[in-house]
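Raw my_file_32.txt, compact mmCIF, C-alpha atoms:
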```
# COMPACT_ATOMS: atom_id res chain seq x y z
CA MET A 1 34.15 -37.29 48.34
CA THR A 2 32.29 -34.01 48.30
CA PRO A 3 33.65 -30.51 48.56
CA ARG A 4 33.18 -28.17 51.43
CA THR A 5 29.63 -26.86 51.28
CA SER A 6 29.02 -23.50 49.64
CA GLY A 7 25.44 -24.00 48.46
CA ALA A 8 26.40 -24.02 44.76
CA PRO A 9 24.63 -26.76 42.75
CA ILE A 10 27.92 -27.73 41.03
CA GLN A 11 31.38 -27.71 42.60
CA PHE A 12 34.74 -28.95 41.36
CA GLU A 13 37.77 -28.73 43.67
CA HIS A 14 41.15 -29.78 42.25
CA VAL A 15 39.62 -32.57 40.16
CA TRP A 16 41.85 -34.92 38.18
CA LYS A 17 40.69 -37.67 35.81
CA HIS A 18 43.03 -40.41 34.67
CA TYR A 19 42.47 -42.97 31.91
CA GLN A 20 44.68 -45.98 31.32
CA THR A 21 44.36 -47.46 27.85
CA GLY A 22 44.98 -51.18 27.51
CA GLY A 23 44.93 -51.65 31.28
CA THR A 24 42.36 -50.99 33.96
CA HIS A 25 38.87 -49.69 33.15
CA ASP A 26 36.43 -47.58 35.12
CA SER A 27 33.24 -49.13 33.76
CA LEU A 28 31.92 -52.69 33.39
CA ARG A 29 31.26 -52.08 29.68
CA ASP A 30 34.91 -51.17 29.06
CA MET A 31 36.08 -54.18 31.05
CA LEU A 32 33.89 -56.60 29.09
CA SER A 33 34.92 -55.06 25.75
CA SER A 34 38.57 -55.44 26.67
CA TRP A 35 38.09 -59.08 27.75
CA VAL A 36 36.21 -59.98 24.55
CA GLY A 37 38.88 -58.26 22.45
CA ARG A 38 41.66 -60.27 24.09
CA TRP A 39 39.66 -63.53 23.89
CA THR A 40 39.01 -63.09 20.14
CA GLY A 41 42.53 -61.89 19.46
CA ARG A 42 41.47 -58.45 18.20
CA ASN A 43 43.73 -56.71 20.74
CA GLY A 44 46.81 -58.59 19.55
CA HIS A 45 49.32 -59.56 22.24
CA GLY A 46 49.50 -56.15 23.82
CA HIS A 47 49.01 -55.69 27.53
CA ALA A 48 50.93 -52.41 27.46
CA THR A 49 49.24 -49.50 29.18
CA GLU A 50 49.34 -45.85 28.28
CA GLU A 51 48.45 -43.18 30.81
CA PHE A 52 46.32 -40.23 29.86
CA TRP A 53 45.17 -37.41 32.15
CA ALA A 54 41.90 -36.07 30.70
CA LEU A 55 41.59 -33.47 33.51
CA ARG A 56 44.36 -31.87 35.53
CA ASP A 57 43.58 -29.97 38.72
CA VAL A 58 40.27 -28.47 37.53
CA SER A 59 38.40 -26.20 39.95
CA PHE A 60 35.20 -24.21 39.42
CA GLU A 61 31.66 -23.86 40.69
CA VAL A 62 28.34 -23.00 39.08
CA ARG A 63 25.87 -20.94 41.08
CA ALA A 64 22.13 -21.67 41.13
CA GLY A 65 20.43 -20.40 37.99
CA GLN A 66 23.72 -19.71 36.20
CA THR A 67 24.49 -20.93 32.68
CA LEU A 68 28.11 -21.99 32.26
CA GLY A 69 29.58 -22.52 28.80
CA ILE A 70 32.60 -24.77 28.31
CA ILE A 71 34.61 -24.31 25.11
CA GLY A 72 37.83 -25.80 23.78
CA HIS A 73 39.18 -27.94 20.98
CA ASN A 74 38.29 -31.62 20.62
CA GLY A 75 39.98 -33.69 23.31
CA ALA A 76 40.45 -30.72 25.63
CA GLY A 77 38.47 -32.36 28.48
CA LYS A 78 35.03 -30.75 28.03
CA SER A 79 33.00 -33.94 27.71
CA THR A 80 34.97 -35.56 30.54
CA ILE A 81 33.68 -32.85 32.89
CA LEU A 82 30.08 -33.61 31.89
CA LYS A 83 30.64 -37.36 32.33
CA LEU A 84 31.88 -36.75 35.86
CA LEU A 85 28.94 -34.47 36.63
CA SER A 86 26.46 -37.06 35.35
CA LYS A 87 28.24 -39.90 37.23
CA ILE A 88 29.00 -41.83 34.04
CA SER A 89 32.55 -42.00 35.39
CA MET A 90 34.27 -40.97 38.62
CA GLN A 91 37.14 -38.60 39.25
CA THR A 92 40.60 -40.00 40.03
CA LYS A 93 41.49 -37.27 42.52
CA GLY A 94 39.83 -34.20 43.94
CA ARG A 95 36.38 -33.33 45.25
CA MET A 96 33.14 -32.63 43.40
CA ALA A 97 29.46 -32.27 44.20
CA VAL A 98 26.22 -32.03 42.24
CA ARG A 99 23.18 -30.89 44.22
CA GLY A 100 19.73 -31.13 42.64
CA ARG A 101 17.78 -33.18 40.10
CA LEU A 102 20.01 -33.53 37.07
CA ALA A 103 19.10 -34.21 33.43
CA ALA A 104 21.83 -34.78 30.87
CA LEU A 105 22.02 -34.97 27.11
CA ILE A 106 25.69 -35.69 26.59
CA GLU A 107 25.81 -38.80 24.41
CA LEU A 108 23.71 -39.74 21.40
CA GLY A 109 21.12 -42.15 22.83
CA GLY A 110 22.89 -42.34 26.18
CA GLY A 111 20.61 -44.09 28.68
CA PHE A 112 18.14 -45.37 26.07
CA HIS A 113 17.40 -49.09 25.87
CA PRO A 114 17.65 -49.91 22.15
CA ASP A 115 15.08 -52.73 22.26
CA LEU A 116 12.41 -50.66 24.01
CA SER A 117 10.03 -48.39 22.13
CA GLY A 118 10.20 -44.63 22.23
CA ALA A 119 7.24 -44.51 24.62
CA GLU A 120 8.82 -47.08 26.95
CA ASN A 121 12.09 -45.16 26.95
CA ILE A 122 10.27 -41.99 28.01
CA TYR A 123 9.11 -43.81 31.16
CA LEU A 124 12.50 -45.46 31.63
CA GLN A 125 14.37 -42.16 31.44
CA GLY A 126 11.87 -40.40 33.69
CA THR A 127 12.19 -43.14 36.29
CA MET A 128 15.99 -42.91 36.16
CA LEU A 129 15.62 -39.21 36.91
CA GLY A 130 13.61 -39.99 40.04
CA LEU A 131 10.10 -39.25 38.77
CA THR A 132 7.06 -41.35 39.60
CA ARG A 133 5.01 -42.94 36.82
CA LYS A 134 2.25 -40.42 37.55
CA GLN A 135 4.64 -37.49 37.14
CA ILE A 136 5.95 -38.89 33.86
CA SER A 137 2.41 -39.41 32.56
CA ARG A 138 1.61 -35.74 33.22
CA SER A 139 4.51 -34.69 30.98
CA PHE A 140 4.17 -37.49 28.42
CA ASP A 141 2.03 -35.61 25.88
CA SER A 142 4.27 -32.53 26.05
CA ILE A 143 7.39 -34.65 25.52
CA VAL A 144 5.85 -36.38 22.49
CA ALA A 145 4.59 -33.11 21.01
CA PHE A 146 8.02 -31.47 21.40
CA SER A 147 9.86 -34.43 19.84
CA GLU A 148 7.37 -34.64 16.93
CA LEU A 149 7.79 -38.44 17.02
CA ASP A 150 4.20 -39.48 17.75
CA ARG A 151 4.14 -41.74 14.65
CA PHE A 152 7.22 -43.62 15.85
CA LEU A 153 6.51 -44.10 19.58
CA SER A 154 5.87 -47.84 19.23
CA MET A 155 9.08 -48.39 17.21
CA PRO A 156 12.21 -49.70 19.01
CA VAL A 157 14.74 -46.93 19.52
CA LYS A 158 17.45 -49.00 17.79
CA ARG A 159 15.61 -48.26 14.53
CA TYR A 160 15.62 -44.49 15.10
CA SER A 161 17.88 -42.25 13.07
CA SER A 162 20.45 -40.16 14.96
CA GLY A 163 18.22 -37.10 14.55
CA MET A 164 15.21 -38.93 16.01
CA VAL A 165 17.28 -40.10 19.00
CA VAL A 166 18.35 -36.51 19.71
CA ARG A 167 14.76 -35.27 19.39
CA LEU A 168 13.53 -37.79 21.94
CA GLY A 169 16.48 -37.34 24.29
CA PHE A 170 16.22 -33.55 24.36
CA ALA A 171 12.43 -33.61 24.71
CA ILE A 172 12.71 -35.82 27.81
CA ALA A 173 15.59 -33.85 29.36
CA ALA A 174 13.78 -30.54 28.81
CA HIS A 175 10.42 -31.62 30.26
CA VAL A 176 11.30 -33.36 33.53
CA GLN A 177 11.78 -29.98 35.27
CA PRO A 178 15.49 -30.51 36.00
CA GLU A 179 17.27 -28.31 38.51
CA ILE A 180 20.53 -28.93 36.61
CA LEU A 181 20.75 -29.50 32.84
CA LEU A 182 23.90 -30.77 31.09
CA LEU A 183 24.09 -30.29 27.32
CA ASP A 184 26.87 -31.43 24.98
CA GLU A 185 26.53 -30.12 21.39
CA VAL A 186 22.76 -30.66 21.42
CA LEU A 187 22.30 -27.81 18.93
CA ALA A 188 24.69 -29.43 16.43
CA VAL A 189 22.39 -32.34 15.48
CA GLY A 190 19.00 -32.33 13.82
CA ASP A 191 17.37 -29.97 11.35
CA LEU A 192 17.43 -26.21 11.68
CA ALA A 193 13.81 -25.92 12.87
CA PHE A 194 14.42 -28.39 15.71
CA GLN A 195 17.68 -26.66 16.67
CA GLN A 196 15.77 -23.38 16.99
CA LYS A 197 13.09 -25.06 19.11
CA CYS A 198 15.76 -26.56 21.36
CA PHE A 199 17.42 -23.18 21.81
CA GLN A 200 14.09 -21.58 22.71
CA ARG A 201 13.40 -24.31 25.28
CA ILE A 202 16.86 -23.86 26.80
CA MET A 203 16.17 -20.13 27.15
CA GLU A 204 12.86 -20.93 28.89
CA LEU A 205 14.62 -23.26 31.34
CA LYS A 206 17.28 -20.61 31.95
CA ALA A 207 14.58 -18.00 32.68
CA ALA A 208 12.96 -20.44 35.11
CA GLY A 209 16.19 -20.67 37.14
CA THR A 210 17.61 -23.97 35.88
CA THR A 211 21.37 -24.31 36.32
CA ILE A 212 22.84 -25.19 32.91
CA VAL A 213 26.23 -26.44 31.74
CA PHE A 214 26.52 -26.08 27.96
CA ILE A 215 29.27 -27.44 25.69
CA SER A 216 29.31 -26.26 22.10
CA HIS A 217 31.59 -25.26 19.23
CA ASN A 218 28.88 -22.79 18.18
CA LEU A 219 30.45 -19.70 19.70
CA GLU A 220 27.47 -17.54 18.78
CA ALA A 221 25.16 -19.81 20.79
CA VAL A 222 27.62 -19.76 23.71
CA GLN A 223 27.71 -15.96 23.59
CA LYS A 224 23.89 -15.68 23.61
CA LEU A 225 23.12 -18.34 26.18
CA CYS A 226 25.88 -18.30 28.78
CA ASP A 227 26.49 -16.02 31.76
CA ARG A 228 30.04 -17.30 32.13
CA VAL A 229 32.48 -19.37 30.07
CA LEU A 230 35.33 -21.77 30.85
CA VAL A 231 38.08 -22.26 28.28
CA ILE A 232 39.52 -25.79 28.56
CA GLY A 233 42.72 -27.01 26.98
CA GLY A 234 44.90 -30.02 27.71
CA GLY A 235 42.60 -30.98 30.58
CA GLN A 236 43.14 -27.66 32.37
CA VAL A 237 41.19 -24.45 32.84
CA LEU A 238 42.84 -21.84 30.62
CA GLY A 239 40.30 -19.12 31.34
CA ASP A 240 37.14 -18.45 33.36
CA GLY A 241 35.12 -15.30 32.88
CA GLU A 242 32.77 -13.17 30.84
CA PRO A 243 31.68 -14.86 27.57
CA ALA A 244 32.98 -12.30 25.05
CA GLU A 245 36.41 -12.16 26.69
CA MET A 246 36.72 -15.96 26.98
CA ILE A 247 35.61 -16.50 23.37
CA ARG A 248 38.24 -14.03 22.25
CA ARG A 249 40.85 -15.87 24.32
CA TYR A 250 39.81 -19.21 22.81
CA ARG A 251 40.04 -17.83 19.27
CA ASP A 252 43.53 -16.47 19.99
CA GLU A 253 44.57 -19.90 21.30
CA VAL A 254 43.15 -21.60 18.18
CA PHE A 255 45.07 -19.21 15.92
CA ALA A 256 48.31 -19.82 17.79
CA THR A 257 47.88 -23.60 17.57
CA THR A 258 47.01 -23.38 13.88
CA ARG A 259 50.13 -21.36 13.07
CA LEU A 260 52.33 -23.93 14.83
CA ARG A 261 50.61 -26.77 12.97
CA ARG A 262 51.04 -25.05 9.58
CA SER A 263 54.72 -24.52 10.32
CA ALA A 264 55.20 -28.18 11.29
CA GLN A 265 53.30 -29.37 8.22
CA ALA A 266 55.44 -27.22 5.93
CA GLU A 267 58.64 -28.69 7.40
CA SER A 268 57.45 -32.31 7.16
CA ARG A 269 55.69 -32.10 3.78
CA ARG A 270 56.63 -34.93 1.42
CA PRO A 271 56.29 -34.86 -2.38
CA GLU A 272 52.90 -36.06 -3.64
CA ALA A 273 51.42 -36.63 -7.08
CA ALA A 274 48.95 -33.78 -6.45
CA ALA A 275 49.06 -31.32 -3.61
CA VAL A 276 47.54 -28.13 -2.28
CA GLU A 277 50.84 -26.66 -1.15
CA SER A 278 49.51 -23.62 0.70
CA VAL A 279 46.47 -21.42 1.25
CA ALA A 280 47.08 -17.71 1.81
CA LEU A 281 44.49 -15.10 2.79
CA ARG A 282 45.06 -11.54 1.57
CA ASP A 283 43.23 -8.23 1.78
CA ALA A 284 42.61 -5.75 -1.05
CA GLN A 285 46.21 -4.49 -0.75
CA GLY A 286 47.65 -8.00 -0.99
CA ARG A 287 48.66 -8.19 2.68
CA ASP A 288 48.45 -11.48 4.59
CA VAL A 289 45.48 -11.43 7.01
CA ASP A 290 43.98 -13.62 9.70
CA GLN A 291 41.26 -11.11 10.56
CA LEU A 292 38.76 -9.25 8.38
CA ALA A 293 36.05 -6.70 9.02
CA VAL A 294 32.55 -7.49 7.77
CA GLY A 295 32.30 -6.41 4.12
CA GLN A 296 36.07 -6.32 3.57
CA ALA A 297 37.57 -7.79 0.38
CA LEU A 298 39.26 -11.19 0.61
CA ARG A 299 41.55 -12.94 -1.85
CA ILE A 300 42.37 -16.61 -1.32
CA ASP A 301 45.63 -17.65 -3.03
CA ILE A 302 45.94 -21.41 -3.45
CA ALA A 303 49.31 -22.84 -4.44
CA VAL A 304 48.82 -26.10 -6.35
CA ARG A 305 51.47 -28.56 -7.51
CA LEU A 306 50.79 -31.49 -9.85
CA ALA A 307 53.60 -34.00 -10.46
CA GLN A 308 51.43 -36.01 -12.86
CA PRO A 309 48.84 -34.95 -15.44
CA VAL A 310 45.25 -34.58 -14.21
CA ALA A 311 42.62 -35.08 -16.93
CA GLU A 312 39.87 -32.89 -15.45
CA PRO A 313 41.18 -30.80 -12.55
CA ARG A 314 38.43 -29.40 -10.34
CA LEU A 315 39.20 -27.14 -7.38
CA ARG A 316 36.66 -26.72 -4.57
CA VAL A 317 36.89 -24.08 -1.85
CA SER A 318 34.60 -24.36 1.16
CA LEU A 319 34.13 -21.58 3.72
CA GLU A 320 32.91 -23.03 7.01
CA ARG A 321 32.08 -21.53 10.37
CA VAL A 322 34.13 -23.10 13.16
CA ASP A 323 31.05 -24.99 14.45
CA GLY A 324 30.79 -26.78 11.08
CA LEU A 325 28.16 -24.63 9.36
CA LEU A 326 28.90 -24.59 5.62
CA CYS A 327 28.65 -20.94 4.55
CA HIS A 328 29.78 -20.96 0.92
CA VAL A 329 31.30 -23.29 -1.68
CA ALA A 330 33.05 -22.15 -4.84
CA THR A 331 34.40 -24.46 -7.56
CA CYS A 332 36.45 -23.96 -10.71
CA GLU A 333 37.95 -26.16 -13.44
CA PRO A 334 41.13 -24.36 -14.54
CA PRO A 335 42.47 -25.76 -17.84
CA GLU A 336 45.92 -24.45 -16.86
CA LEU A 337 46.26 -27.42 -14.45
CA THR A 338 46.12 -30.11 -17.14
CA GLY A 339 49.79 -30.05 -18.16
CA GLU A 340 52.53 -32.61 -17.58
CA ALA A 341 53.91 -31.04 -14.40
CA VAL A 342 52.23 -27.93 -13.12
CA GLU A 343 52.91 -25.44 -10.35
CA ALA A 344 50.35 -22.65 -10.20
CA VAL A 345 48.57 -20.23 -7.90
CA VAL A 346 44.79 -20.16 -8.25
CA SER A 347 43.11 -17.14 -6.68
CA LEU A 348 39.52 -16.81 -5.49
CA HIS A 349 38.29 -13.21 -5.05
CA TYR A 350 35.52 -12.02 -2.72
CA PRO A 351 34.97 -8.26 -3.31
CA ALA A 352 33.04 -7.92 -0.04
CA LEU A 353 32.86 -10.87 2.35
CA PRO A 354 29.50 -10.57 4.19
CA PHE A 355 30.05 -13.05 7.04
CA LEU A 356 29.16 -11.80 10.51
CA PRO A 357 31.65 -11.92 13.41
CA ASN A 358 32.82 -15.44 14.20
CA LEU A 359 35.68 -17.83 13.51
CA TYR A 360 35.77 -19.42 10.03
CA GLN A 361 38.00 -21.76 8.06
CA VAL A 362 38.91 -22.22 4.40
CA VAL A 363 39.10 -25.84 3.21
CA VAL A 364 40.55 -26.46 -0.26
CA GLU A 365 40.20 -29.76 -2.14
CA LEU A 366 41.46 -30.80 -5.57
CA PHE A 367 39.54 -33.44 -7.55
CA ASP A 368 39.98 -35.23 -10.83
CA GLY A 369 36.68 -35.00 -12.71
CA ASN A 370 33.59 -36.02 -10.75
CA SER A 371 35.46 -38.22 -8.28
CA LEU A 372 34.17 -37.90 -4.73
CA VAL A 373 37.65 -38.46 -3.26
CA PRO A 374 40.08 -35.52 -3.48
CA ILE A 375 43.54 -36.12 -4.91
CA GLY A 376 44.87 -33.18 -2.91
CA SER A 377 43.65 -31.19 0.11
CA SER A 378 44.61 -28.35 2.43
CA GLY A 379 43.89 -30.64 5.40
CA ARG A 380 42.19 -29.19 8.47
CA GLY A 381 41.64 -25.75 6.98
CA ARG A 382 42.96 -22.21 7.12
CA LEU A 383 41.38 -20.20 9.92
CA PHE A 384 40.33 -16.55 9.86
CA GLU A 385 38.16 -14.31 12.01
CA MET A 386 35.45 -11.84 11.02
CA THR A 387 35.01 -8.75 13.19
CA SER A 388 32.66 -5.78 13.39
CA GLU A 389 32.26 -2.63 15.45
CA HIS A 390 28.51 -3.22 15.54
CA ALA A 391 26.54 -5.88 17.40
CA ALA A 392 24.98 -8.39 15.02
CA ALA A 393 23.69 -11.95 15.00
CA GLY A 394 23.22 -14.54 12.31
CA VAL A 395 25.47 -15.71 9.48
CA VAL A 396 25.74 -12.92 6.89
CA SER A 397 25.43 -9.15 6.78
CA MET A 398 22.61 -8.24 4.41
CA GLU A 399 21.97 -4.80 2.98
CA HIS A 400 18.71 -3.55 4.44
CA HIS A 401 16.79 -0.46 5.48
CA TRP A 402 13.73 0.38 7.59
CA SER A 403 10.70 2.49 6.84
CA VAL A 404 7.63 3.44 8.84
CA SER A 405 4.27 4.45 7.38
CA VAL A 406 1.74 6.18 9.64
CA PRO A 407 -1.76 6.75 8.18
CA SER A 408 -3.00 10.35 8.44
CA PRO A 409 -5.88 11.08 10.86
CA VAL A 410 -8.22 11.81 7.90
CA ALA A 411 -7.42 8.47 6.29
CA ARG A 412 -8.13 6.65 9.57
CA VAL A 413 -11.52 8.41 9.96
CA ASN A 414 -12.55 7.76 6.34
CA GLY A 415 -11.48 4.15 6.62
```
Can you turn what I pasted into structure tokens?
Amino acid sequence: MTPRTSGAPIQFEHVWKHYQTGGTHDSLRDMLSSWVGRWTGRNGHGHATEEFWALRDVSFEVRAGQTLGIIGHNGAGKSTILKLLSKISMQTKGRMAVRGRLAALIELGGGFHPDLSGAENIYLQGTMLGLTRKQISRSFDSIVAFSELDRFLSMPVKRYSSGMVVRLGFAIAAHVQPEILLLDEVLAVGDLAFQQKCFQRIMELKAAGTTIVFISHNLEAVQKLCDRVLVIGGGQVLGDGEPAEMIRRYRDEVFATTRLRRSAQAESRRPEAAAVESVALRDAQGRDVDQLAVGQALRIDIAVRLAQPVAEPRLRVSLERVDGLLCHVATCEPPELTGEAVEAVVSLHYPALPFLPNLYQVVVELFDGNSLVPIGSSGRGRLFEMTSEHAAAGVVSMEHHWSVSVPSPVARVNG
């Protein structure tokens, strides 16, 4: 079923997607996995089914040359939209259309044959995208150069690391001259240099008129790259509009969800031998805050309770950007926590937090000595937002100044 024609490369009209766990399957791979599981007894005796609507009445279109960002929490339905667009699965209800040559990088190694070499997979992927062998050969050297995998082209892809798989997948997708490009967190894998090269290539494709659908938790990248943003939650479109406004709406929704979760956790908390009871964020005046201006003071108050003695208590506080970038880690070994039964508040002070505008979280973990497994944790983290009246990009605000030196005319003549 296709929607009424409007000329847009991508159209969704009242699309629903239904999954049924433990019952029917919409791919041969899922069906075979289910049959093998039952035959070997790994699925137990259960034939019970559970219904799950991944998308509910989703409608939108993407115009030619537009870059659409899709943001939302994990499980919101973002990747399901890309799977429908790339025909990995089909919608349950509704109409959709994709018009134009499409390249997708939405699953790690998706479409690669693990037993074929990197070189053979370049030709395989190109053929699947409708290119002739001659067309693929013309782009082959550029693909290899971009991926920086020339030494590994004869190696089977099943022996590639995850970073190598992403390098090859992105290099192919970005060099087959797609009219539509689907990207799911491609900038979240691989080293920093390759991420920057990917971003530059995406910008080049955007400038050339490629229609792009981009999923990412990196809100800064979404802001820079996208012309328009969808906010997805619970399989539904919660917002559709200008990037800055939609990112703000998403952050507000995240904060609201986090507050409800903290409240539920506090009510259901059970006594433990060691626990991080709470994490509070306060400004210079001691007021609770969820939002800070760049350069503002921050105090993190951590309530710790130990029901049993801990020989070598070690507290670690990690500040992370919402896309997973680790921004700062602070540790301490307070001797006050070594008693028989201890309840204490440990405070971490930042006189001037330099993080640039974005959404961040505080994760607190309590260890005993050099153990790698925490004996207590704050769980999913305490969220806060950094704001600024000035436009800025990057991770931190650094003190800087500019100067200009212009040689005098006499010095230029004498030189």
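One finds atom CA of Ser79 of chain A at 21.8 Å from atom CA of His113 of chain A.
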- Selected residue of minimal separation from Thr331 of chain A among A:Val310, A:Leu359, A:Val317, A:Val157, counting all atoms listed in the file: A:Val317
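Excluding segment 226-234 of chain A itself and same-chain residues fewer than 6 positions from it, the residues having an atom within 6 Å of it are Thr67, Leu68, Gly69, Ile70, Ile71, Gly72, Ala76, Asp240, Gly241, Glu242 and Pro243 of chain A, counting all atoms listed in the file.
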Write the residues of the preceding selection, restricted to C-alpha atoms, as a short mmCIF file (atom, residue, chain, number, x, y, z; two decimals), keeping the file's coordinate frame.
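Ended up saving to again-v3.cif:
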```cif
data_model
loop_
_atom_site.label_atom_id
_atom_site.label_comp_id
_atom_site.auth_asym_id
_atom_site.auth_seq_id
_atom_site.Cartn_x
_atom_site.Cartn_y
_atom_site.Cartn_z
CA THR A 67 24.49 -20.93 32.68
CA LEU A 68 28.11 -21.99 32.26
CA GLY A 69 29.58 -22.52 28.80
CA ILE A 70 32.60 -24.77 28.31
CA ILE A 71 34.61 -24.31 25.11
CA GLY A 72 37.83 -25.80 23.78
CA ALA A 76 40.45 -30.72 25.63
CA ASP A 240 37.14 -18.45 33.36
CA GLY A 241 35.12 -15.30 32.88
CA GLU A 242 32.77 -13.17 30.84
CA PRO A 243 31.68 -14.86 27.57
#
```
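Comparing the minimum interatomic distances between Arg248 of chain A and each of A:Val176, A:Pro357, A:Ser397, A:Gly94, counting only C-alpha atoms, we find that A:Pro357 sits nearest.
Distances from A:Arg133, A:Lys93, A:Arg167, A:Arg299 to Asp283 of chain A were compared using all atoms listed in the file, and the smallest one belongs to A:Arg299.
With distances restricted to only C-alpha atoms, A:Phe112 is the closest residue to Ile172 of chain A from A:Tyr160, A:Phe384, A:Phe112, A:Phe355.
Atom to atom, atom CA of Arg249 of chain A and atom CA of His14 of chain A stand 22.7 Å apart.
Nearest residue to Val363 of chain A, choosing from A:Met386, A:Leu315, A:Val345, A:Ala97 and counting only C-alpha atoms: A:Leu315.
Compared by their closest atoms to Val144 of chain A, and using all atoms listed in the file, the residues A:Leu131, A:Ala171, A:Val222, A:Val166 rank with A:Ala171 nearest.
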- Tell me, in Å to one decimal, how far atom CA of Leu353 of chain A is from atom CA of Asp323 of chain A. 18.7 Å
- Message: Set the distance at 6 Å and use only C-alpha atoms: which residues neighbour segment 375-380 of chain A once local chain neighbours fewer than 4 positions away are removed? I'd like the list as a PyMOL selection string.
- Response: chain A and resi 274-276+364-367
Who sits within 12 Å of Ser388 of chain A, all atoms listed in the file, same chain under 3 positions skipped, as an mmCIF file with C-alpha atoms, in the coordinates of the input:
```
data_model
loop_
_atom_site.group_PDB
_atom_site.id
_atom_site.type_symbol
_atom_site.label_atom_id
_atom_site.label_comp_id
_atom_site.auth_asym_id
_atom_site.auth_seq_id
_atom_site.Cartn_x
_atom_site.Cartn_y
_atom_site.Cartn_z
ATOM 1 C CA GLN A 291 41.260 -11.110 10.560
ATOM 2 C CA LEU A 292 38.760 -9.250 8.380
ATOM 3 C CA ALA A 293 36.050 -6.700 9.020
ATOM 4 C CA VAL A 294 32.550 -7.490 7.770
ATOM 5 C CA GLY A 295 32.300 -6.410 4.120
ATOM 6 C CA GLN A 296 36.070 -6.320 3.570
ATOM 7 C CA PRO A 354 29.500 -10.570 4.190
ATOM 8 C CA PHE A 355 30.050 -13.050 7.040
ATOM 9 C CA LEU A 356 29.160 -11.800 10.510
ATOM 10 C CA PRO A 357 31.650 -11.920 13.410
ATOM 11 C CA ASN A 358 32.820 -15.440 14.200
ATOM 12 C CA GLU A 385 38.160 -14.310 12.010
ATOM 13 C CA ALA A 391 26.540 -5.880 17.400
ATOM 14 C CA ALA A 392 24.980 -8.390 15.020
ATOM 15 C CA ALA A 393 23.690 -11.950 15.000
ATOM 16 C CA VAL A 396 25.740 -12.920 6.890
ATOM 17 C CA SER A 397 25.430 -9.150 6.780
#
```
- Message: With all atoms listed in the file as the counted atoms, please give the residues lying no more than 12 Å from Ile212 of chain A, apart from itself and same-chain residues fewer than 2 positions off, as a count of residues only.
- Response: 46
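Omitting Pro114 of chain A and its sequence neighbours fewer than 6 positions away, and counting only C-alpha atoms, the residues within 12 Å are Leu108, Glu120, Asn121, Leu124, Met155, Pro156, Val157, Lys158, Arg159, Tyr160, Ser161 and Val165 of chain A.
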